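J.: Encoded as structure tokens, here's the structure I'll be asking about.
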Amino acid sequence: MRRTDPEGHGPVRYGPPLPGDGLPVLPELAAALAAAASRAEAQPVGGSPALLEAACGYWTRRGLSCVPDRVIAGPGAPALLLAVTAALAGDGGDVLVPRPCAAWWAPYARLLGRPVFHVPTPAESGGVPDPYALLETVRRVRAEGGEPRLLVLSVADDPTATVAPPELLHETVEAAVAEGLHLVSDETWRDTLHDPHGTVLLSPAEMLPDRVTVVSDLAGALLPPGWPAAVARVPPGAAGERLHARVLDVLTALDARVAAPVSVAAGYALDEPAPVAERREAAVRLHARVAAAAHAAVVAAGALARPPQAGRHLYADLAPLGEELGRRGVTDAQELEDFLTARLGMPAPGGHRFGDGLGELRVRLATGQLLGGTDEERTECLTSPSPLELPHVHRALVSLRSAFDGLRDDAQRREPPR
């Protein structure tokens, strides 16, 4: 991960990628891409008609009706968010995001020269700002001469792996609308709920379709991360038509197109045929089990972490182990990132990558790194009825537990006898 000065403690402009699923590419998906590999023509900016139709079907099945001329495709969600931000706030508006938030949200506003204001999230979940903190932030920004115009949020969240409850979302959306904000809902992880029957996920676009743009990176649940493709759904009506045109202008200026083979594979995945749906469900079950085991290991060692509810990651706060970490020279999130990356043998991006303060000892851990080192081992994880008992997964979890238990045990040994 890139740093912006030799010490690595300066402003962080380039964050870690989305947590990958660690699994081999689905054969049917690879076949769809390979069948289009000989296509030499460039795809239209904004997506081919077939890809846009597939995206409409995907959202319609989730209760979000749409038409192709209100859908835009791009080479990954960052390109789409950049275009949407430029269209909505590039001429002087300010951008609000939760704290913490996905690592790739803020850099694109800053690239456009727009201020980014972080709003605290409530204790129970991340991704959606506390409504009262949102109102206070908006009023403070306006009092300082700013113009809050755009709020980016995520109901199924990276980095916290939590799902915001509908009642919180209602309050936050009502507060945002009352202040005249346009909402961008990042729904990359909506199809990765660990307990889809016990967790209620509500899209802000279901509540307020005229003021919400939905963005989804297909690397969340449908495509490998190395095949960049994302789709956005803009609101209906005249305002949505203008936004659609402005976003296409930005994408055209960037020549940001989805490659033809990836476009075909994305359309196939968005249609959700049986092989895609079955692989997604199996992958979600697998990562839910591994995430629960990793969460138990982290909490048992004395760290804090919300139980993961979605995605392929968890977010841990090592503040209770801060004294022991300090003895090892770890006093901030950058040092924690370096320390745990070396100790675990896997990337462990610090919370400063996600908008938390450098002094907060927080870290995101991805579960894809715990599934083995070969395609054969990872495939075995998918098909095993007890993946946590597979030798390579068991070893990875033991290593994780040992790394965190070592911090706890060292701290306990230094406690004075009672």
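Every chain in the structure tokens has a letter given in the order shown (A, B, ...), and although residue numbers restart at 1 in each chain, ligands are simply numbered from 1 in the order shown.
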Any idea what's packed within 12 Å of Ala348 (chain A), counting only C-alpha atoms, ignoring anything in its chain fewer than 6 positions away? Could you give it as a JSON list (two decimals) with N, CA and C atoms, in the first residue's frame?

T.:
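Okay, this is what ended up in out16.json:
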[["chain", "number", "residue", "atom", "x", "y", "z"],
["A", 1, "MET", "N", 0.84, -1.20, 0.00],
["A", 1, "MET", "CA", 0.00, 0.00, 0.00],
["A", 1, "MET", "C", 0.87, 1.25, 0.00],
["A", 15, "GLY", "N", -5.78, 4.05, -0.52],
["A", 15, "GLY", "CA", -6.15, 3.06, 0.47],
["A", 15, "GLY", "C", -6.05, 1.65, -0.08],
["A", 16, "PRO", "N", -6.33, 0.66, 0.75],
["A", 16, "PRO", "CA", -6.26, -0.74, 0.33],
["A", 16, "PRO", "C", -7.43, -1.09, -0.58],
["A", 17, "PRO", "N", -7.30, -2.14, -1.38],
["A", 17, "PRO", "CA", -8.39, -2.56, -2.26],
["A", 17, "PRO", "C", -9.51, -3.21, -1.47],
["A", 19, "PRO", "N", -11.71, -6.11, 0.01],
["A", 19, "PRO", "CA", -11.31, -7.46, 0.43],
["A", 19, "PRO", "C", -11.77, -8.48, -0.61],
["A", 159, "PRO", "N", -15.46, -0.31, 6.26],
["A", 159, "PRO", "CA", -14.70, -1.43, 6.81],
["A", 159, "PRO", "C", -15.34, -2.21, 7.95],
["A", 313, "HIS", "N", -14.62, -9.39, 5.86],
["A", 313, "HIS", "CA", -13.68, -8.65, 6.68],
["A", 313, "HIS", "C", -14.28, -8.40, 8.05],
["A", 314, "LEU", "N", -13.47, -7.90, 8.96],
["A", 314, "LEU", "CA", -13.95, -7.39, 10.24],
["A", 314, "LEU", "C", -13.03, -6.24, 10.64],
["A", 315, "TYR", "N", -13.52, -5.42, 11.56],
["A", 315, "TYR", "CA", -12.82, -4.20, 11.95],
["A", 315, "TYR", "C", -12.58, -4.27, 13.45],
["A", 316, "ALA", "N", -11.31, -4.27, 13.83],
["A", 316, "ALA", "CA", -10.95, -4.48, 15.24],
["A", 316, "ALA", "C", -10.32, -3.24, 15.83],
["A", 333, "ALA", "N", -1.98, 3.99, 14.24],
["A", 333, "ALA", "CA", -2.55, 3.03, 13.29],
["A", 333, "ALA", "C", -1.57, 2.61, 12.22],
["A", 334, "GLN", "N", -0.68, 3.50, 11.79],
["A", 334, "GLN", "CA", 0.31, 3.12, 10.78],
["A", 334, "GLN", "C", 1.28, 2.09, 11.34],
["A", 335, "GLU", "N", 1.73, 2.30, 12.57],
["A", 335, "GLU", "CA", 2.63, 1.33, 13.20],
["A", 335, "GLU", "C", 1.90, 0.02, 13.46],
["A", 336, "LEU", "N", 0.61, 0.11, 13.80],
["A", 336, "LEU", "CA", -0.17, -1.11, 14.00],
["A", 336, "LEU", "C", -0.31, -1.88, 12.69],
["A", 337, "GLU", "N", -0.55, -1.17, 11.61],
["A", 337, "GLU", "CA", -0.63, -1.81, 10.30],
["A", 337, "GLU", "C", 0.67, -2.55, 9.97],
["A", 338, "ASP", "N", 1.79, -1.87, 10.15],
["A", 338, "ASP", "CA", 3.08, -2.50, 9.87],
["A", 338, "ASP", "C", 3.32, -3.71, 10.77],
["A", 339, "PHE", "N", 3.01, -3.55, 12.04],
["A", 339, "PHE", "CA", 3.25, -4.61, 13.02],
["A", 339, "PHE", "C", 2.42, -5.85, 12.72],
["A", 340, "LEU", "N", 1.11, -5.66, 12.51],
["A", 340, "LEU", "CA", 0.24, -6.82, 12.29],
["A", 340, "LEU", "C", 0.45, -7.44, 10.90],
["A", 341, "THR", "N", 0.75, -6.62, 9.90],
["A", 341, "THR", "CA", 1.02, -7.18, 8.58],
["A", 341, "THR", "C", 2.21, -8.14, 8.65],
["A", 342, "ALA", "N", 3.26, -7.73, 9.38],
["A", 342, "ALA", "CA", 4.42, -8.61, 9.53],
["A", 342, "ALA", "C", 4.10, -9.81, 10.43],
["A", 361, "LEU", "N", -6.06, 2.83, 17.46],
["A", 361, "LEU", "CA", -5.43, 1.54, 17.15],
["A", 361, "LEU", "C", -6.45, 0.57, 16.55],
["A", 362, "ARG", "N", -6.86, 0.89, 15.31],
["A", 362, "ARG", "CA", -7.88, 0.09, 14.63],
["A", 362, "ARG", "C", -7.31, -0.50, 13.34],
["A", 363, "VAL", "N", -7.89, -1.63, 12.95],
["A", 363, "VAL", "CA", -7.35, -2.36, 11.81],
["A", 363, "VAL", "C", -8.47, -3.16, 11.16],
["A", 364, "ARG", "N", -8.41, -3.28, 9.82],
["A", 364, "ARG", "CA", -9.35, -4.15, 9.10],
["A", 364, "ARG", "C", -8.64, -5.45, 8.75],
["A", 365, "LEU", "N", -9.27, -6.56, 9.07],
["A", 365, "LEU", "CA", -8.74, -7.88, 8.75],
["A", 365, "LEU", "C", -9.64, -8.54, 7.71],
["A", 366, "ALA", "N", -9.06, -9.09, 6.66],
["A", 366, "ALA", "CA", -9.82, -9.73, 5.59],
["A", 366, "ALA", "C", -9.79, -11.25, 5.76],
["A", 367, "THR", "N", -10.92, -11.89, 5.50],
["A", 367, "THR", "CA", -11.02, -13.34, 5.70],
["A", 367, "THR", "C", -10.51, -14.13, 4.50],
["A", 369, "GLN", "N", -7.76, -14.08, 3.14],
["A", 369, "GLN", "CA", -6.38, -14.49, 3.35],
["A", 369, "GLN", "C", -6.26, -15.76, 4.19],
["A", 400, "LEU", "N", -3.71, -16.75, 13.59],
["A", 400, "LEU", "CA", -4.38, -15.49, 13.95],
["A", 400, "LEU", "C", -4.59, -15.40, 15.45]]

J.: Run DSSP on the backbone and grab whatever in region 255-286 of chain A lands in alpha helix (DSSP H); send it over as a list in words.

T.: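 Put together, the selection reads Ala260, Pro261, Val262, Ser263, Val264, Ala265, Ala266, Gly267, Tyr268, Ala269, Leu270, Ala274, Pro275, Val276, Ala277, Glu278, Arg279, Arg280, Glu281, Ala282, Ala283, Val284, Arg285 and Leu286 of chain A.
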
J.: Please dump the current selection as a PDB file, in the first residue's frame; keep C-alpha atoms.

T.:
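Saved the output as again.pdb:
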ATOM      1  CA  ALA A 260     -15.595  -5.721 -23.762  1.00  0.00           C
ATOM      2  CA  PRO A 261     -14.775  -9.151 -22.238  1.00  0.00           C
ATOM      3  CA  VAL A 262     -15.400  -7.834 -18.726  1.00  0.00           C
ATOM      4  CA  SER A 263     -18.659  -6.240 -19.888  1.00  0.00           C
ATOM      5  CA  VAL A 264     -19.905  -9.584 -21.189  1.00  0.00           C
ATOM      6  CA  ALA A 265     -18.898 -11.362 -17.969  1.00  0.00           C
ATOM      7  CA  ALA A 266     -20.535  -8.621 -15.875  1.00  0.00           C
ATOM      8  CA  GLY A 267     -23.781  -8.905 -17.816  1.00  0.00           C
ATOM      9  CA  TYR A 268     -23.745 -12.657 -17.325  1.00  0.00           C
ATOM     10  CA  ALA A 269     -23.151 -12.256 -13.585  1.00  0.00           C
ATOM     11  CA  LEU A 270     -25.846  -9.595 -13.190  1.00  0.00           C
ATOM     12  CA  ALA A 274     -27.741 -20.678 -11.237  1.00  0.00           C
ATOM     13  CA  PRO A 275     -23.919 -21.132 -11.244  1.00  0.00           C
ATOM     14  CA  VAL A 276     -23.390 -17.490 -10.222  1.00  0.00           C
ATOM     15  CA  ALA A 277     -26.085 -17.545  -7.538  1.00  0.00           C
ATOM     16  CA  GLU A 278     -24.858 -20.848  -6.097  1.00  0.00           C
ATOM     17  CA  ARG A 279     -21.227 -19.704  -5.984  1.00  0.00           C
ATOM     18  CA  ARG A 280     -22.210 -16.425  -4.325  1.00  0.00           C
ATOM     19  CA  GLU A 281     -24.263 -18.181  -1.667  1.00  0.00           C
ATOM     20  CA  ALA A 282     -21.506 -20.703  -0.988  1.00  0.00           C
ATOM     21  CA  ALA A 283     -18.889 -17.955  -0.756  1.00  0.00           C
ATOM     22  CA  VAL A 284     -21.034 -15.923   1.642  1.00  0.00           C
ATOM     23  CA  ARG A 285     -21.564 -18.960   3.900  1.00  0.00           C
ATOM     24  CA  LEU A 286     -17.845 -19.691   3.888  1.00  0.00           C
TER      25      LEU A 286
END

J.: Neighbours of Tyr58 (chain A) within 7 Å (only C-alpha atoms; same-chain residues fewer than 3 positions away dropped), as a ChimeraX atom specification?

T.: /A:54-55,61-62,270-271

J.: Please provide the set of residues having any atom within 12 Å of Gly357 (chain A), restricted to only C-alpha atoms, with same-chain residues fewer than 2 positions apart removed, written as a ChimeraX atom specification.

T.: /A:9-12,99-100,118,120,332-334,350-355,359-363

J.: With C-alpha atoms retained, write the just-selected residues as a PDB file, in the first residue's frame.

T.:
ATOM      1  CA  HIS A   9       2.669   8.805   8.608  1.00  0.00           C
ATOM      2  CA  GLY A  10       1.481  11.646   6.375  1.00  0.00           C
ATOM      3  CA  PRO A  11      -1.945  12.058   4.738  1.00  0.00           C
ATOM      4  CA  VAL A  12      -3.114   8.780   3.288  1.00  0.00           C
ATOM      5  CA  ARG A  99     -16.257   7.867  10.084  1.00  0.00           C
ATOM      6  CA  PRO A 100     -14.922   5.295   9.368  1.00  0.00           C
ATOM      7  CA  HIS A 118     -16.304  12.892   8.348  1.00  0.00           C
ATOM      8  CA  PRO A 120     -19.349   9.928  13.438  1.00  0.00           C
ATOM      9  CA  ASP A 332      -0.588   4.639  16.115  1.00  0.00           C
ATOM     10  CA  ALA A 333      -2.555   3.032  13.294  1.00  0.00           C
ATOM     11  CA  GLN A 334       0.308   3.117  10.782  1.00  0.00           C
ATOM     12  CA  GLY A 350      -4.881   0.464   9.745  1.00  0.00           C
ATOM     13  CA  GLY A 351      -7.938   2.487  10.598  1.00  0.00           C
ATOM     14  CA  HIS A 352      -6.331   5.697   9.304  1.00  0.00           C
ATOM     15  CA  ARG A 353      -6.928   4.274   5.822  1.00  0.00           C
ATOM     16  CA  PHE A 354     -10.661   4.488   6.511  1.00  0.00           C
ATOM     17  CA  GLY A 355     -10.890   7.950   8.017  1.00  0.00           C
ATOM     18  CA  GLY A 359      -3.931   7.692  17.007  1.00  0.00           C
ATOM     19  CA  GLU A 360      -6.742   5.110  17.024  1.00  0.00           C
ATOM     20  CA  LEU A 361      -5.427   1.536  17.152  1.00  0.00           C
ATOM     21  CA  ARG A 362      -7.876   0.088  14.630  1.00  0.00           C
ATOM     22  CA  VAL A 363      -7.353  -2.355  11.811  1.00  0.00           C
TER      23      VAL A 363
END

J.: Mind checking DSSP for region 138-345 of chain A and telling me the strand (DSSP E or B) residues as a compact mmCIF listing (two decimals) with all heavy atoms, in the first residue's frame?

T.:
# COMPACT_ATOMS: atom_id res chain seq x y z
N PRO A 148 -22.44 22.00 2.07
CA PRO A 148 -22.63 20.55 2.04
C PRO A 148 -23.65 20.16 0.96
O PRO A 148 -24.76 20.71 0.93
CB PRO A 148 -23.15 20.23 3.44
CG PRO A 148 -22.80 21.41 4.27
CD PRO A 148 -22.82 22.58 3.36
N ARG A 149 -23.26 19.24 0.10
CA ARG A 149 -24.15 18.90 -1.01
C ARG A 149 -24.33 17.42 -1.20
O ARG A 149 -25.34 16.97 -1.72
CB ARG A 149 -23.62 19.53 -2.30
CG ARG A 149 -24.62 19.57 -3.44
CD ARG A 149 -24.02 20.21 -4.68
NE ARG A 149 -23.65 21.60 -4.46
CZ ARG A 149 -22.95 22.31 -5.32
NH1 ARG A 149 -22.51 21.76 -6.45
NH2 ARG A 149 -22.65 23.57 -5.06
N LEU A 150 -23.36 16.63 -0.77
CA LEU A 150 -23.37 15.20 -1.08
C LEU A 150 -23.02 14.40 0.16
O LEU A 150 -22.05 14.69 0.85
CB LEU A 150 -22.35 14.92 -2.19
CG LEU A 150 -22.17 13.48 -2.66
CD1 LEU A 150 -23.45 12.95 -3.26
CD2 LEU A 150 -21.03 13.40 -3.68
N LEU A 151 -23.82 13.36 0.44
CA LEU A 151 -23.55 12.42 1.53
C LEU A 151 -23.38 11.03 0.93
O LEU A 151 -24.27 10.54 0.24
CB LEU A 151 -24.69 12.41 2.56
CG LEU A 151 -24.63 11.30 3.62
CD1 LEU A 151 -23.41 11.46 4.51
CD2 LEU A 151 -25.91 11.28 4.45
N VAL A 152 -22.22 10.43 1.19
CA VAL A 152 -21.97 9.05 0.76
C VAL A 152 -22.12 8.14 1.97
O VAL A 152 -21.56 8.42 3.04
CB VAL A 152 -20.56 8.91 0.15
CG1 VAL A 152 -20.39 7.51 -0.44
CG2 VAL A 152 -20.32 9.96 -0.92
N LEU A 153 -22.88 7.08 1.82
CA LEU A 153 -23.08 6.15 2.94
C LEU A 153 -23.17 4.73 2.41
O LEU A 153 -23.22 4.49 1.19
CB LEU A 153 -24.32 6.53 3.75
CG LEU A 153 -25.64 6.80 3.02
CD1 LEU A 153 -26.29 5.52 2.54
CD2 LEU A 153 -26.61 7.56 3.94
N ALA A 156 -24.56 -1.79 4.07
CA ALA A 156 -23.67 -2.92 4.36
C ALA A 156 -22.25 -2.41 4.18
O ALA A 156 -21.84 -2.09 3.07
CB ALA A 156 -23.98 -4.09 3.42
N VAL A 163 -24.27 -3.96 9.31
CA VAL A 163 -25.44 -3.55 8.52
C VAL A 163 -26.25 -2.58 9.38
O VAL A 163 -26.67 -2.92 10.48
CB VAL A 163 -26.29 -4.77 8.11
CG1 VAL A 163 -27.54 -4.31 7.35
CG2 VAL A 163 -25.47 -5.73 7.25
N HIS A 182 -27.86 15.39 -1.47
CA HIS A 182 -28.06 14.24 -2.34
C HIS A 182 -27.29 13.08 -1.72
O HIS A 182 -26.17 13.25 -1.23
CB HIS A 182 -27.55 14.52 -3.75
CG HIS A 182 -27.86 13.41 -4.72
ND1 HIS A 182 -28.95 13.44 -5.55
CD2 HIS A 182 -27.22 12.24 -4.99
CE1 HIS A 182 -28.98 12.35 -6.29
NE2 HIS A 182 -27.93 11.61 -5.96
N LEU A 183 -27.86 11.88 -1.77
CA LEU A 183 -27.24 10.71 -1.17
C LEU A 183 -26.68 9.79 -2.25
O LEU A 183 -27.33 9.55 -3.27
CB LEU A 183 -28.24 9.93 -0.32
CG LEU A 183 -28.54 10.48 1.09
CD1 LEU A 183 -29.43 11.71 1.00
CD2 LEU A 183 -29.20 9.41 1.95
N VAL A 184 -25.48 9.27 -2.00
CA VAL A 184 -24.92 8.19 -2.80
C VAL A 184 -24.83 6.97 -1.89
O VAL A 184 -24.16 7.01 -0.85
CB VAL A 184 -23.55 8.54 -3.37
CG1 VAL A 184 -22.92 7.32 -4.04
CG2 VAL A 184 -23.65 9.68 -4.37
N SER A 185 -25.52 5.90 -2.26
CA SER A 185 -25.55 4.69 -1.46
C SER A 185 -24.64 3.65 -2.11
O SER A 185 -24.92 3.15 -3.20
CB SER A 185 -26.98 4.14 -1.38
OG SER A 185 -27.02 2.92 -0.67
N ASP A 186 -23.53 3.34 -1.45
CA ASP A 186 -22.61 2.32 -1.93
C ASP A 186 -23.16 0.96 -1.47
O ASP A 186 -23.13 0.64 -0.29
CB ASP A 186 -21.22 2.57 -1.36
CG ASP A 186 -20.24 1.45 -1.69
OD1 ASP A 186 -20.57 0.60 -2.55
OD2 ASP A 186 -19.14 1.41 -1.10
N LEU A 193 -24.69 -10.65 2.89
CA LEU A 193 -25.18 -10.73 4.27
C LEU A 193 -24.93 -12.12 4.84
O LEU A 193 -25.30 -13.13 4.24
CB LEU A 193 -26.68 -10.42 4.33
CG LEU A 193 -27.14 -9.04 3.87
CD1 LEU A 193 -28.64 -8.87 4.13
CD2 LEU A 193 -26.35 -7.94 4.55
N VAL A 212 -31.52 9.68 -4.28
CA VAL A 212 -30.47 8.71 -3.99
C VAL A 212 -29.91 8.12 -5.29
O VAL A 212 -30.67 7.67 -6.16
CB VAL A 212 -30.99 7.56 -3.10
CG1 VAL A 212 -29.87 6.55 -2.83
CG2 VAL A 212 -31.53 8.10 -1.79
N THR A 213 -28.60 8.13 -5.40
CA THR A 213 -27.89 7.43 -6.46
C THR A 213 -27.24 6.19 -5.84
O THR A 213 -26.57 6.29 -4.81
CB THR A 213 -26.81 8.32 -7.11
OG1 THR A 213 -27.45 9.41 -7.77
CG2 THR A 213 -25.97 7.54 -8.11
N VAL A 214 -27.46 5.05 -6.45
CA VAL A 214 -26.92 3.78 -5.94
C VAL A 214 -25.70 3.40 -6.78
O VAL A 214 -25.75 3.46 -8.01
CB VAL A 214 -27.97 2.66 -6.00
CG1 VAL A 214 -27.37 1.34 -5.53
CG2 VAL A 214 -29.19 3.03 -5.16
N VAL A 215 -24.62 3.04 -6.11
CA VAL A 215 -23.40 2.58 -6.78
C VAL A 215 -23.05 1.20 -6.23
O VAL A 215 -23.11 0.98 -5.01
CB VAL A 215 -22.23 3.55 -6.54
CG1 VAL A 215 -20.94 2.98 -7.13
CG2 VAL A 215 -22.52 4.90 -7.14
N SER A 216 -22.70 0.28 -7.11
CA SER A 216 -22.32 -1.06 -6.67
C SER A 216 -21.13 -1.55 -7.48
O SER A 216 -21.18 -1.60 -8.71
CB SER A 216 -23.49 -2.03 -6.84
OG SER A 216 -23.13 -3.33 -6.40
N ASP A 217 -20.05 -1.89 -6.78
CA ASP A 217 -18.90 -2.50 -7.42
C ASP A 217 -19.16 -4.00 -7.50
O ASP A 217 -19.42 -4.65 -6.49
CB ASP A 217 -17.63 -2.22 -6.62
CG ASP A 217 -16.37 -2.47 -7.42
OD1 ASP A 217 -16.27 -3.56 -8.03
OD2 ASP A 217 -15.49 -1.59 -7.46
N ALA A 230 -18.47 -1.79 -12.48
CA ALA A 230 -19.43 -1.33 -11.48
C ALA A 230 -20.61 -0.71 -12.20
O ALA A 230 -20.51 -0.31 -13.37
CB ALA A 230 -18.79 -0.31 -10.53
N VAL A 231 -21.73 -0.61 -11.50
CA VAL A 231 -22.93 -0.01 -12.08
C VAL A 231 -23.50 1.00 -11.09
O VAL A 231 -23.35 0.87 -9.87
CB VAL A 231 -23.99 -1.07 -12.42
CG1 VAL A 231 -23.56 -1.89 -13.63
CG2 VAL A 231 -24.26 -2.01 -11.24
N ALA A 232 -24.13 2.02 -11.65
CA ALA A 232 -24.79 3.06 -10.84
C ALA A 232 -26.20 3.26 -11.36
O ALA A 232 -26.46 3.18 -12.56
CB ALA A 232 -24.01 4.37 -10.91
N ARG A 233 -27.10 3.52 -10.43
CA ARG A 233 -28.51 3.79 -10.75
C ARG A 233 -28.81 5.20 -10.27
O ARG A 233 -28.77 5.47 -9.06
CB ARG A 233 -29.40 2.77 -10.05
CG ARG A 233 -30.90 3.04 -10.16
CD ARG A 233 -31.66 2.07 -9.24
NE ARG A 233 -33.08 2.27 -9.26
CZ ARG A 233 -33.75 3.16 -8.52
NH1 ARG A 233 -33.06 3.95 -7.69
NH2 ARG A 233 -35.05 3.27 -8.59
N LEU A 304 -11.55 -5.13 20.72
CA LEU A 304 -12.97 -4.84 20.52
C LEU A 304 -13.30 -4.96 19.04
O LEU A 304 -12.52 -4.54 18.18
CB LEU A 304 -13.31 -3.43 21.00
CG LEU A 304 -12.95 -3.09 22.44
CD1 LEU A 304 -13.20 -1.62 22.72
CD2 LEU A 304 -13.74 -3.96 23.41
N ALA A 305 -14.45 -5.51 18.73
CA ALA A 305 -14.89 -5.61 17.34
C ALA A 305 -16.38 -5.92 17.31
O ALA A 305 -16.86 -6.76 18.08
CB ALA A 305 -14.13 -6.71 16.59
N ALA A 310 -21.67 -8.74 7.28
CA ALA A 310 -21.63 -8.74 5.82
C ALA A 310 -20.18 -8.65 5.36
O ALA A 310 -19.30 -8.25 6.13
CB ALA A 310 -22.43 -7.57 5.25
N HIS A 313 -14.62 -9.39 5.86
CA HIS A 313 -13.68 -8.65 6.68
C HIS A 313 -14.28 -8.40 8.05
O HIS A 313 -15.47 -8.67 8.29
CB HIS A 313 -13.35 -7.32 6.01
CG HIS A 313 -14.55 -6.51 5.64
ND1 HIS A 313 -15.35 -6.80 4.55
CD2 HIS A 313 -15.12 -5.42 6.21
CE1 HIS A 313 -16.34 -5.93 4.46
NE2 HIS A 313 -16.23 -5.08 5.46
N LEU A 314 -13.47 -7.90 8.96
CA LEU A 314 -13.95 -7.39 10.24
C LEU A 314 -13.03 -6.24 10.64
O LEU A 314 -11.93 -6.10 10.12
CB LEU A 314 -13.98 -8.46 11.32
CG LEU A 314 -12.66 -9.06 11.80
CD1 LEU A 314 -12.79 -9.47 13.26
CD2 LEU A 314 -12.31 -10.29 10.97
N TYR A 315 -13.52 -5.42 11.56
CA TYR A 315 -12.82 -4.20 11.95
C TYR A 315 -12.58 -4.27 13.45
O TYR A 315 -13.52 -4.34 14.24
CB TYR A 315 -13.68 -2.99 11.59
CG TYR A 315 -12.94 -1.68 11.53
CD1 TYR A 315 -11.85 -1.52 10.69
CD2 TYR A 315 -13.39 -0.58 12.26
CE1 TYR A 315 -11.19 -0.30 10.59
CE2 TYR A 315 -12.74 0.65 12.15
CZ TYR A 315 -11.65 0.78 11.32
OH TYR A 315 -11.00 2.00 11.22
N ALA A 316 -11.31 -4.27 13.83
CA ALA A 316 -10.95 -4.48 15.24
C ALA A 316 -10.32 -3.24 15.83
O ALA A 316 -9.54 -2.54 15.17
CB ALA A 316 -9.99 -5.66 15.35
N ASP A 317 -10.63 -2.99 17.08
CA ASP A 317 -10.06 -1.88 17.85
C ASP A 317 -9.17 -2.48 18.94
O ASP A 317 -9.65 -3.17 19.84
CB ASP A 317 -11.19 -1.05 18.46
CG ASP A 317 -10.68 0.19 19.19
OD1 ASP A 317 -9.45 0.29 19.40
OD2 ASP A 317 -11.51 1.05 19.53

J.: Residues near region 111-116 of chain A, anyone? I mean within 8 Å using only C-alpha atoms, not counting same-chain ones fewer than 3 positions away, as number ranges by chain.

T.: A: 86, 89-90, 92-97, 106-108

J.: I'd like to know which of A:Pro308, A:Gly74, A:Gly373, A:Pro165 is closest to Ala229 (chain A), using only C-alpha atoms.

T.: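 Residue with the minimum atom-to-atom distance to Ala229 (chain A): A:Gly74.
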
J.: What does the distance from CA of Pro235 (chain A) to CA of Glu187 (chain A) come to in Å, to one decimal?

T.: 15.1 Å

J.: Give the answer as one residue: which of A:Glu323, A:Glu171, A:Gly311, A:Ala301 has the shortest atom-to-atom distance to Ala403 (chain A), using only C-alpha atoms?

T.: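 Smallest distance to Ala403 (chain A) is found for A:Ala301.
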
J.: With distances taken over only C-alpha atoms, which residue among A:Leu208, A:Ala35, A:Ala123, A:Ala303 lies nearest Leu318 (chain A)?

T.: A:Ala303

J.: Kindly indicate which residue among A:Leu358, A:Ala175, A:Val393, A:Leu201 lies nearest to Leu370 (chain A), using only C-alpha atoms for the distances.

T.: A:Val393
